[in-house]
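Participant: Here it is: the structure, laid out below.
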Amino acid sequence: MSEVEVVLSSPLARFADGETRFQVPAGTFREVIDKVYERHPSLRPRVADSSGAFLPFISVYVGEDNIRHFDSLDIAVEPRSTVMIMSAVAGG
């Protein structure tokens with residue numbers, strides 16, 4: 001089965017055994033994110049609320065497209081695509 005690359009921002013990698021890049025099977029975005037959570041269960045509460053909605057300070061992209069711009073999480077994520085999960089960085 002073809003896979004997609006998942007890229008995590010460095011702050012999130014500590015909840016994913018230090019991984020900033022890994023691969024999961026392609027499918028719908030919902031299937032891809034479920035595989036991410038299966039691989040790294042401690043990541044889920046850091047990026048999504050109990051209903052599965054992404055937290056306000058988390059940005060998720062499929063390629064260059066922000067997942068928040070889609071009406072559904074059931075969009076196709078093609079093999080060899082990149083899914084980026086990024087946390088906002090604050091500073092002063």
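We name chains A, B, ... following the order of the structure tokens; residues begin at 1 in each chain, and ligands are numbered from 1 as shown.
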Per residue of range 20-46 of chain A within 9 Å of range 1-7 of chain A, record the nearest atom pair and its distance in Å to one decimal, counting only C-alpha atoms, with rows in chain order and ascending residue number, as a tab-separated table.
Facilitator:
residue	atom	partner	partner_atom	distance
A:Thr20	CA	A:Val7	CA	5.5
A:Arg21	CA	A:Val7	CA	4.6
A:Phe22	CA	A:Val6	CA	5.4
A:Gln23	CA	A:Glu5	CA	4.5
A:Val24	CA	A:Glu3	CA	5.4
A:Pro25	CA	A:Glu3	CA	4.2
A:Ala26	CA	A:Glu3	CA	4.7
A:Gly27	CA	A:Glu3	CA	8.5
A:Val32	CA	A:Val4	CA	8.2
A:Val36	CA	A:Val6	CA	8.0
Participant: Hey, what does DSSP flag as strand (DSSP E) within chain A? Can you give it to me as a list of chain:residue names?
Facilitator: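 Output for chain A, strand (DSSP E) only: A:Glu3, A:Val4, A:Glu5, A:Val6, A:Val7, A:Leu8, A:Arg21, A:Phe22, A:Gln23, A:Val24, A:Pro25, A:Gly27, A:Thr28, A:Ile58, A:Ser59, A:Val60, A:Tyr61, A:Val62, A:Asp65, A:Asn66, A:Ala76, A:Val77, A:Thr82, A:Val83, A:Met84, A:Ile85, A:Met86, A:Ser87.
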Participant: A:Leu73, A:Ala88, A:Leu43, A:Ala13: which is nearest Ser59 in chain A, counting only C-alpha atoms?
Facilitator: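 Residue with the minimum atom-to-atom distance to Ser59 in chain A: A:Ala88.
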Participant: Can you tell me how far CA of Thr28 in chain A sits from CA of Ile75 in chain A, in Å to one decimal?
Facilitator: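 Separation between CA of Thr28 in chain A and CA of Ile75 in chain A: 5.3 Å.
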Participant: With DSSP run on the backbone, what are the helix (DSSP H, G or I) residues within range 17-62 of chain A? I'd like them as an MDAnalysis selection string.
Facilitator: chainID A and resid 29:39 41:47
Participant: Which residue gives the smallest distance to Leu12 in chain A among A:Arg39, A:Ile58, A:Phe29, A:Val77, with only C-alpha atoms counted?
Facilitator: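 The closest residue to Leu12 in chain A is A:Ile58.
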Participant: Applying 12 Å and only C-alpha atoms, which residues near Phe15 in chain A remain after dropping the ones on its own chain fewer than 4 positions away? List them as a PyMOL selection string.
Facilitator: chain A and resi 8-11+19-20+36-37+39-47
Participant: Nearest to Ser72 in chain A among A:Ala48, A:Glu38, A:Arg30, A:Pro56, with distances taken over only C-alpha atoms: which residue is it?
Facilitator: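 Of all the options, A:Arg30 lies closest to Ser72 in chain A.
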Participant: If I take CA of Ala76 in chain A and CA of Ser51 in chain A, how far is one from the other in Å, to one decimal?
Facilitator: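 Going from CA of Ala76 in chain A over to CA of Ser51 in chain A covers 21.2 Å.
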Participant: For each of A:Ala16, A:Asp71, A:Ile33, A:Asp49, take the minimum atom-to-atom distance to Val83 in chain A, counting only C-alpha atoms, then give the residue where this is smallest.
Facilitator: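 Under the stated criterion, the closest residue is A:Ile33.
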Participant: Need the shell around Gly63 in chain A: protein/DNA/RNA residues with any atom at most 9 Å away, counting only C-alpha atoms. Skip same-chain ones fewer than 5 positions apart. Format as a ChimeraX atom specification?
Facilitator: /A:81-84
Participant: Write a file of the just-selected residues containing N, CA and C atoms, as a PDB file, in the first residue's frame.
Facilitator:
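The file below, result13.pdb, is the result:
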ATOM      1  N   SER A  81       1.867  12.051  -0.671  1.00  0.00           N
ATOM      2  CA  SER A  81       1.533  13.389  -0.182  1.00  0.00           C
ATOM      3  C   SER A  81       2.204  13.607   1.173  1.00  0.00           C
ATOM      4  N   THR A  82       2.199  14.865   1.601  1.00  0.00           N
ATOM      5  CA  THR A  82       2.736  15.212   2.909  1.00  0.00           C
ATOM      6  C   THR A  82       1.618  15.813   3.767  1.00  0.00           C
ATOM      7  N   VAL A  83       1.496  15.329   4.981  1.00  0.00           N
ATOM      8  CA  VAL A  83       0.572  15.879   5.966  1.00  0.00           C
ATOM      9  C   VAL A  83       1.430  16.523   7.055  1.00  0.00           C
ATOM     10  N   MET A  84       1.284  17.823   7.230  1.00  0.00           N
ATOM     11  CA  MET A  84       2.034  18.541   8.259  1.00  0.00           C
ATOM     12  C   MET A  84       1.126  18.897   9.416  1.00  0.00           C
TER      13      MET A  84
END
Participant: Rounded to one decimal, what separation in Å do you get between CA of Phe57 in chain A and CA of Ser87 in chain A?
Facilitator: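 Between these atoms lies a distance of 5.9 Å.
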